[in-house]
Amino acid sequence: MSFKEDGYQIVRDFLEPDFVKFINQYFFTRINAGQAVLGDEQAPNSYIFYGDPLMDTILGESVQELSKIAGYNLLPTYTYTRLYGKGDELLIHRDRPSCELSGTLALGVPEDEEINPIYFSRNEDKSDAIAIHLNPGDLCLYHGCDLYHWRDPFTQRWYLQSFLHYVNEDGPYKDFLYDKRPYLGVPR
C-alpha cells in the first residue's frame, strides 16, 4: 500500500494513548459545558466542533510529519471534530477544496465496543469500497477531494473522531491556509 498509488495511508499510533485519553476528556467536558453544536448536513445527529483550538494546534504541529507521507509540503486549513452516537452515520461525500488532503483521526470509543470503519471509494456507487479500521490514536491520511468517504450507522454508544484538513502549499488551493481564518500562531 502506498499513499501515491492508493490515495490513502494509515498512520498507526499517530497520537500517544495518554494524550488520546486527555483529548476524550477535553471534548466530553466541552459537551457537558454546552460548548458543542448539534449536527450538520453530513452527520445530522452528531456533536460537532469546527476549528477547536486544541485540534487546530495538533493540525499545525503535524504538518511536517504528514508532508513526508504526502510527498509535498502541506498547509493546515482546519479541523472538524465529531462525537457520533448510536445510529449516527456519515453520509457519502467528497470534500471541498480546503480539504484537499485530510486525515481522519480516531480518538475514542467505549472500551467494550469496536469502531465502525470509515469507507473510501473512487466511485460514488461504492463499487470499489475499502473499509479502514482505526484504533484510538490512529490516523488515516487521504485525498478528501478525490475519494468518496462515508461511515455506516454506528452500532457503538459513541465514537469520537477528528478530521485534520490540509492543502498543497504549491497547489491551486493554497489560499485556504487556516480556511481563510485570521491566524497569528507562534512567531517563527
# chains A, B, ... in the order shown; residues from 1 in each chain; ligands from 1

$ closest_atom_pairs --of "region 98-123 of chain A" --to "region 161-185 of chain A" --cutoff "7 Å" --atoms "only C-alpha atoms" --output "CSV"
residue,atom,partner,partner_atom,distance
A:Ser98,CA,A:Phe176,CA,5.6
A:Cys99,CA,A:His165,CA,4.9
A:Glu100,CA,A:Val167,CA,5.1
A:Leu101,CA,A:Tyr166,CA,5.0
A:Ser102,CA,A:His165,CA,4.4
A:Gly103,CA,A:Leu164,CA,4.9
A:Thr104,CA,A:Phe163,CA,4.6
A:Leu105,CA,A:Ser162,CA,5.1
A:Ala106,CA,A:Gln161,CA,4.8
A:Leu107,CA,A:Gln161,CA,5.1
A:Gly108,CA,A:Gln161,CA,6.9

$ residues_around --residues "Arg82 (chain A)" --least-positions-apart "5" --cutoff "9 Å" --atoms "only C-alpha atoms" --output "JSON, numbers by chain"
{"A": [39, 43, 46, 47, 48, 49, 50, 159, 160, 161, 162, 163]}

$ write_last_selection --atoms "C-alpha atoms" --output "short mmCIF file (atom, residue, chain, number, x, y, z; two decimals), in the first residue's frame"
data_model
loop_
_atom_site.label_atom_id
_atom_site.label_comp_id
_atom_site.auth_asym_id
_atom_site.auth_seq_id
_atom_site.Cartn_x
_atom_site.Cartn_y
_atom_site.Cartn_z
CA GLY A 39 -25.43 18.23 13.69
CA ALA A 43 -24.00 13.75 10.13
CA SER A 46 -23.61 14.20 15.95
CA TYR A 47 -21.97 16.82 18.16
CA ILE A 48 -19.51 18.91 16.16
CA PHE A 49 -16.59 21.25 16.79
CA TYR A 50 -15.19 23.34 13.92
CA TYR A 159 -17.38 7.42 18.80
CA LEU A 160 -15.10 10.48 18.92
CA GLN A 161 -13.17 11.38 15.78
CA SER A 162 -11.50 14.43 14.26
CA PHE A 163 -10.72 15.39 10.68
#

$ select_by_dssp --residues "region 59-133 of chain A" --states "alpha helix (DSSP H)" --output "ChimeraX atom specification"
/A:59-61,63-70

$ write_last_selection --atoms "N, CA, C and O atoms" --output "short mmCIF file (atom, residue, chain, number, x, y, z; two decimals), in the first residue's frame"
data_model
loop_
_atom_site.label_atom_id
_atom_site.label_comp_id
_atom_site.auth_asym_id
_atom_site.auth_seq_id
_atom_site.Cartn_x
_atom_site.Cartn_y
_atom_site.Cartn_z
N LEU A 59 -3.21 20.01 14.35
CA LEU A 59 -3.19 20.20 12.89
C LEU A 59 -1.89 20.88 12.45
O LEU A 59 -1.18 20.40 11.56
N GLY A 60 -1.59 22.02 13.09
CA GLY A 60 -0.39 22.77 12.72
C GLY A 60 0.90 22.05 13.04
O GLY A 60 1.86 22.09 12.26
N GLU A 61 0.92 21.36 14.19
CA GLU A 61 2.14 20.67 14.61
C GLU A 61 2.39 19.39 13.82
O GLU A 61 3.46 18.81 13.92
N VAL A 63 2.10 19.15 10.44
CA VAL A 63 2.36 19.48 9.03
C VAL A 63 3.60 18.75 8.51
O VAL A 63 3.55 18.13 7.44
N GLN A 64 4.71 18.82 9.21
CA GLN A 64 5.94 18.21 8.71
C GLN A 64 5.82 16.70 8.54
O GLN A 64 6.18 16.15 7.51
N GLU A 65 5.28 16.03 9.57
CA GLU A 65 5.15 14.57 9.50
C GLU A 65 4.25 14.14 8.35
O GLU A 65 4.56 13.22 7.61
N LEU A 66 3.11 14.81 8.19
CA LEU A 66 2.17 14.42 7.15
C LEU A 66 2.63 14.86 5.76
O LEU A 66 2.30 14.22 4.76
N SER A 67 3.42 15.93 5.68
CA SER A 67 4.00 16.34 4.39
C SER A 67 4.92 15.26 3.85
O SER A 67 4.98 15.03 2.63
N LYS A 68 5.65 14.57 4.73
CA LYS A 68 6.53 13.48 4.30
C LYS A 68 5.73 12.36 3.66
O LYS A 68 6.15 11.78 2.65
N ILE A 69 4.58 12.05 4.23
CA ILE A 69 3.72 10.99 3.66
C ILE A 69 3.14 11.44 2.33
O ILE A 69 3.13 10.69 1.36
N ALA A 70 2.67 12.70 2.28
CA ALA A 70 2.05 13.21 1.06
C ALA A 70 3.06 13.35 -0.08
O ALA A 70 2.70 13.23 -1.25
#

$ closest_residue --among "A:Leu74, A:Ile130, A:Leu38, A:Ile115" --to "Leu147 (chain A)" --atoms "only C-alpha atoms"
A:Ile130

$ residues_around --residues "region 5-9 of chain A" --least-positions-apart "5" --cutoff "7 Å" --atoms "only C-alpha atoms" --output "ChimeraX atom specification"
/A:140-143

$ write_last_selection --atoms "C-alpha atoms" --output "compact mmCIF listing (two decimals), in the first residue's frame"
# COMPACT_ATOMS: atom_id res chain seq x y z
CA CYS A 140 -5.62 7.76 8.01
CA LEU A 141 -4.38 10.42 5.59
CA TYR A 142 -6.34 10.55 2.31
CA HIS A 143 -7.23 12.67 -0.71

$ atom_distance --atom1 "CA of His149 (chain A)" --atom2 "CA of Pro44 (chain A)"
16.2 Å

$ select_by_dssp --residues "chain A" --states "strand (DSSP E)" --output "ChimeraX atom specification"
/A:8-11,37-38,47-50,74-85,90-93,101-108,118-121,130-132,139-142,148-151,158-168

$ closest_residue --among "A:Asp88, A:Asp95, A:Asp138, A:Asp152" --to "Ile118 (chain A)" --atoms "only C-alpha atoms"
A:Asp152

$ atom_distance --atom1 "CA of Gly34 (chain A)" --atom2 "CA of Leu134 (chain A)"
28.3 Å

$ closest_residue --among "A:Asn45, A:Gly85, A:Ala36, A:Leu15" --to "Ile58 (chain A)" --atoms "only C-alpha atoms"
A:Leu15

$ decode --residues "region 2-51 of chain A" --atoms "N, CA and C atoms" --output "mmCIF file, in the first residue's frame"
data_model
loop_
_atom_site.group_PDB
_atom_site.id
_atom_site.type_symbol
_atom_site.label_atom_id
_atom_site.label_comp_id
_atom_site.auth_asym_id
_atom_site.auth_seq_id
_atom_site.Cartn_x
_atom_site.Cartn_y
_atom_site.Cartn_z
ATOM 1 N N SER A 2 0.590 2.192 -0.885
ATOM 2 C CA SER A 2 1.320 3.452 -0.892
ATOM 3 C C SER A 2 0.340 4.607 -1.067
ATOM 4 N N PHE A 3 0.664 5.718 -0.432
ATOM 5 C CA PHE A 3 -0.201 6.889 -0.479
ATOM 6 C C PHE A 3 -0.393 7.366 -1.922
ATOM 7 N N LYS A 4 0.687 7.384 -2.677
ATOM 8 C CA LYS A 4 0.636 7.888 -4.053
ATOM 9 C C LYS A 4 -0.275 7.025 -4.933
ATOM 10 N N GLU A 5 -0.207 5.712 -4.788
ATOM 11 C CA GLU A 5 -1.000 4.816 -5.623
ATOM 12 C C GLU A 5 -2.438 4.652 -5.139
ATOM 13 N N ASP A 6 -2.614 4.521 -3.824
ATOM 14 C CA ASP A 6 -3.930 4.213 -3.271
ATOM 15 C C ASP A 6 -4.746 5.437 -2.885
ATOM 16 N N GLY A 7 -4.067 6.568 -2.681
ATOM 17 C CA GLY A 7 -4.773 7.784 -2.294
ATOM 18 C C GLY A 7 -5.028 7.894 -0.803
ATOM 19 N N TYR A 8 -4.507 6.947 -0.014
ATOM 20 C CA TYR A 8 -4.640 6.993 1.443
ATOM 21 C C TYR A 8 -3.497 6.215 2.076
ATOM 22 N N GLN A 9 -3.221 6.527 3.348
ATOM 23 C CA GLN A 9 -2.235 5.770 4.110
ATOM 24 C C GLN A 9 -2.589 5.844 5.584
ATOM 25 N N ILE A 10 -2.512 4.715 6.254
ATOM 26 C CA ILE A 10 -2.793 4.639 7.685
ATOM 27 C C ILE A 10 -1.504 4.918 8.463
ATOM 28 N N VAL A 11 -1.625 5.741 9.501
ATOM 29 C CA VAL A 11 -0.520 6.025 10.403
ATOM 30 C C VAL A 11 -0.949 5.513 11.784
ATOM 31 N N ARG A 12 -0.444 4.363 12.166
ATOM 32 C CA ARG A 12 -0.779 3.778 13.464
ATOM 33 C C ARG A 12 -0.102 4.572 14.584
ATOM 34 N N ASP A 13 -0.799 4.703 15.711
ATOM 35 C CA ASP A 13 -0.266 5.387 16.889
ATOM 36 C C ASP A 13 0.217 6.806 16.566
ATOM 37 N N PHE A 14 -0.546 7.515 15.774
ATOM 38 C CA PHE A 14 -0.234 8.907 15.432
ATOM 39 C C PHE A 14 -0.157 9.758 16.702
ATOM 40 N N LEU A 15 -1.060 9.495 17.648
ATOM 41 C CA LEU A 15 -1.035 10.158 18.952
ATOM 42 C C LEU A 15 -0.868 9.108 20.045
ATOM 43 N N GLU A 16 -0.171 9.475 21.101
ATOM 44 C CA GLU A 16 0.077 8.562 22.220
ATOM 45 C C GLU A 16 -1.210 8.328 23.019
ATOM 46 N N PRO A 17 -1.365 7.111 23.594
ATOM 47 C CA PRO A 17 -2.597 6.760 24.317
ATOM 48 C C PRO A 17 -2.995 7.726 25.438
ATOM 49 N N ASP A 18 -2.035 8.182 26.233
ATOM 50 C CA ASP A 18 -2.388 9.098 27.326
ATOM 51 C C ASP A 18 -2.909 10.428 26.796
ATOM 52 N N PHE A 19 -2.338 10.904 25.694
ATOM 53 C CA PHE A 19 -2.811 12.149 25.095
ATOM 54 C C PHE A 19 -4.212 11.962 24.507
ATOM 55 N N VAL A 20 -4.467 10.802 23.928
ATOM 56 C CA VAL A 20 -5.793 10.500 23.371
ATOM 57 C C VAL A 20 -6.832 10.504 24.498
ATOM 58 N N LYS A 21 -6.499 9.940 25.645
ATOM 59 C CA LYS A 21 -7.423 9.961 26.796
ATOM 60 C C LYS A 21 -7.699 11.396 27.232
ATOM 61 N N PHE A 22 -6.663 12.222 27.250
ATOM 62 C CA PHE A 22 -6.824 13.637 27.591
ATOM 63 C C PHE A 22 -7.783 14.317 26.614
ATOM 64 N N ILE A 23 -7.609 14.068 25.319
ATOM 65 C CA ILE A 23 -8.474 14.676 24.301
ATOM 66 C C ILE A 23 -9.922 14.247 24.501
ATOM 67 N N ASN A 24 -10.145 12.975 24.798
ATOM 68 C CA ASN A 24 -11.507 12.492 25.054
ATOM 69 C C ASN A 24 -12.134 13.264 26.210
ATOM 70 N N GLN A 25 -11.416 13.376 27.316
ATOM 71 C CA GLN A 25 -11.945 14.094 28.476
ATOM 72 C C GLN A 25 -12.220 15.556 28.137
ATOM 73 N N TYR A 26 -11.326 16.158 27.379
ATOM 74 C CA TYR A 26 -11.473 17.549 26.955
ATOM 75 C C TYR A 26 -12.789 17.749 26.190
ATOM 76 N N PHE A 27 -13.073 16.883 25.207
ATOM 77 C CA PHE A 27 -14.291 17.061 24.405
ATOM 78 C C PHE A 27 -15.551 16.726 25.187
ATOM 79 N N PHE A 28 -15.516 15.719 26.047
ATOM 80 C CA PHE A 28 -16.698 15.438 26.863
ATOM 81 C C PHE A 28 -16.950 16.582 27.852
ATOM 82 N N THR A 29 -15.893 17.206 28.336
ATOM 83 C CA THR A 29 -16.048 18.383 29.200
ATOM 84 C C THR A 29 -16.700 19.524 28.421
ATOM 85 N N ARG A 30 -16.267 19.743 27.197
ATOM 86 C CA ARG A 30 -16.866 20.800 26.360
ATOM 87 C C ARG A 30 -18.341 20.505 26.073
ATOM 88 N N ILE A 31 -18.662 19.254 25.790
ATOM 89 C CA ILE A 31 -20.061 18.890 25.520
ATOM 90 C C ILE A 31 -20.912 19.122 26.770
ATOM 91 N N ASN A 32 -20.425 18.655 27.904
ATOM 92 C CA ASN A 32 -21.170 18.824 29.158
ATOM 93 C C ASN A 32 -21.316 20.287 29.550
ATOM 94 N N ALA A 33 -20.417 21.140 29.074
ATOM 95 C CA ALA A 33 -20.495 22.578 29.345
ATOM 96 C C ALA A 33 -21.368 23.305 28.316
ATOM 97 N N GLY A 34 -21.962 22.553 27.399
ATOM 98 C CA GLY A 34 -22.825 23.159 26.382
ATOM 99 C C GLY A 34 -22.070 23.858 25.271
ATOM 100 N N GLN A 35 -20.824 23.454 25.022
ATOM 101 C CA GLN A 35 -19.985 24.110 24.019
ATOM 102 C C GLN A 35 -19.901 23.346 22.701
ATOM 103 N N ALA A 36 -20.892 22.534 22.401
ATOM 104 C CA ALA A 36 -20.903 21.780 21.147
ATOM 105 C C ALA A 36 -22.108 22.205 20.327
ATOM 106 N N VAL A 37 -21.976 22.060 19.025
ATOM 107 C CA VAL A 37 -23.086 22.292 18.096
ATOM 108 C C VAL A 37 -23.642 20.925 17.738
ATOM 109 N N LEU A 38 -24.950 20.823 17.610
ATOM 110 C CA LEU A 38 -25.550 19.541 17.247
ATOM 111 C C LEU A 38 -25.820 19.494 15.755
ATOM 112 N N GLY A 39 -25.132 18.599 15.059
ATOM 113 C CA GLY A 39 -25.429 18.234 13.686
ATOM 114 C C GLY A 39 -24.939 19.151 12.598
ATOM 115 N N ASP A 40 -24.843 18.565 11.414
ATOM 116 C CA ASP A 40 -24.547 19.241 10.158
ATOM 117 C C ASP A 40 -25.159 18.412 9.033
ATOM 118 N N GLU A 41 -24.940 18.814 7.787
ATOM 119 C CA GLU A 41 -25.573 18.119 6.653
ATOM 120 C C GLU A 41 -25.086 16.679 6.493
ATOM 121 N N GLN A 42 -23.832 16.402 6.859
ATOM 122 C CA GLN A 42 -23.265 15.083 6.626
ATOM 123 C C GLN A 42 -23.537 14.101 7.763
ATOM 124 N N ALA A 43 -23.726 14.604 8.971
ATOM 125 C CA ALA A 43 -23.998 13.752 10.132
ATOM 126 C C ALA A 43 -24.919 14.537 11.071
ATOM 127 N N PRO A 44 -26.217 14.577 10.750
ATOM 128 C CA PRO A 44 -27.132 15.497 11.425
ATOM 129 C C PRO A 44 -27.345 15.292 12.917
ATOM 130 N N ASN A 45 -26.999 14.140 13.471
ATOM 131 C CA ASN A 45 -27.258 13.888 14.899
ATOM 132 C C ASN A 45 -26.003 13.902 15.762
ATOM 133 N N SER A 46 -24.854 14.230 15.189
ATOM 134 C CA SER A 46 -23.607 14.199 15.953
ATOM 135 C C SER A 46 -23.310 15.568 16.565
ATOM 136 N N TYR A 47 -22.496 15.560 17.613
ATOM 137 C CA TYR A 47 -21.970 16.816 18.157
ATOM 138 C C TYR A 47 -20.747 17.193 17.342
ATOM 139 N N ILE A 48 -20.614 18.485 17.017
ATOM 140 C CA ILE A 48 -19.507 18.914 16.158
ATOM 141 C C ILE A 48 -18.756 20.102 16.748
ATOM 142 N N PHE A 49 -17.477 20.168 16.380
ATOM 143 C CA PHE A 49 -16.588 21.250 16.786
ATOM 144 C C PHE A 49 -15.754 21.644 15.573
ATOM 145 N N TYR A 50 -15.992 22.814 15.037
ATOM 146 C CA TYR A 50 -15.193 23.336 13.917
ATOM 147 C C TYR A 50 -14.043 24.153 14.490
ATOM 148 N N GLY A 51 -12.832 23.865 14.026
ATOM 149 C CA GLY A 51 -11.681 24.680 14.388
ATOM 150 C C GLY A 51 -11.398 24.746 15.876
#
